[in-house]
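Everything below concerns the one structure shown next.
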Amino acid sequence: MKMRTIMIVMIAILYGIVMYFILNPGTYGAYVDYYLFRSRVFNRHDEKVFERYTLPGSIELFKTYRVAQDNPRIIYLGFSTNQTSGRWTYGKYAKMAFELPKITTDVIIRFRLNPYVNTHNRKVDVEVFVNGQNLDIWNFQDRRSNPRTEFVIPKKMLKDSHRVNIDFKIKGYASPKQLGYGENNNKLGFFLKEFEVIPKPTSR
């Protein structure tokens, strides 16, 4: 009788877990990517902390921000620590966030970066999402000119909040070690050096 009760409880718990993941596919995907495939370097808890973090103020327009320099108004997740001239993305996902000052036009966000493409890693694709909306995709290929790494955020996307959450979904990331380029085992996607935000000129 006791064993039967234990089995029923275990089945109920398992059923509850399965239903939770069915109703929350994003959470399921995050757990699978983090624990099973090791394709992301942050877990769901880290992601929630990132999303709820209160930024101390807005960044400035027309200013170039060097990613290697720590700035409390810009936060990163899924990136390396700041290096001499920028930060690497690690794994399948990377995120950054900041707040814009009050604006009345669309804005352009322009990045300066280097993808991790070479003879043994010929292609890297990066999908760019802003506040959950897919705004662009960058296709990098070895021995070809890089696409323009910029996009426009419509002002209507910022009418309720000036916070900008940028998600990078990366395909083709690889570690130098697996490619035979040394002992670095981090799965690199692109090296972000700097970015700037400027209002989009209005057409007359």
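Numbering starts fresh at 1 for the residues of each chain in the structure tokens, the chains themselves are lettered A, B, ... in the order given, and ligands are numbered from 1 as they appear.
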Segment 10-183 of chain A: residues DSSP assigns to strand (DSSP E or B), reported as a ChimeraX atom specification: /A:40,64-66,75-77,79,87-91,93-99,107-115,118,121,123-130,133-141,150-153,163-171,174
Test item, helix (DSSP H, G or I) assignment across segment 127-176 of chain A, answer as number ranges by chain: A: 155-158, 176
Residue among A:Lys95, A:His120, A:Leu135, A:Pro199 lying closest to Lys177 of chain A, counting only C-alpha atoms: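 Closest to Lys177 of chain A, using only C-alpha atoms: A:His120.
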For Val197 of chain A: contacts at 6 Å, only C-alpha atoms, fewer than 5 positions along chain excluded, given as a count of residues only: 4
For atom CA of Ile170 of chain A and atom CA of Val128 of chain A, the interatomic separation in Å (one decimal): 8.9 Å
Shell around Asn131 of chain A at 9 Å using only C-alpha atoms, local window under 6 positions removed, as an NGL selection string: :A and (157 or 163-167)
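Omitting segment 66-69 of chain A and its sequence neighbours fewer than 5 positions away, and counting only C-alpha atoms, the residues within 12 Å are Ile74, Ile75, Tyr76, Phe79, Ser80, Thr81, Asn82, Gln83, Thr84, Ser85, Gly86, Arg87, Trp88, Thr89, Met96, Phe111, Arg112, Leu113, Phe191, Leu192, Lys193, Glu194, Phe195 and Glu196 of chain A.
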Distance of atom CA of Leu100 of chain A from atom CA of Asn139 of chain A, expressed in Å to one decimal place: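 The value is 27.3 Å.
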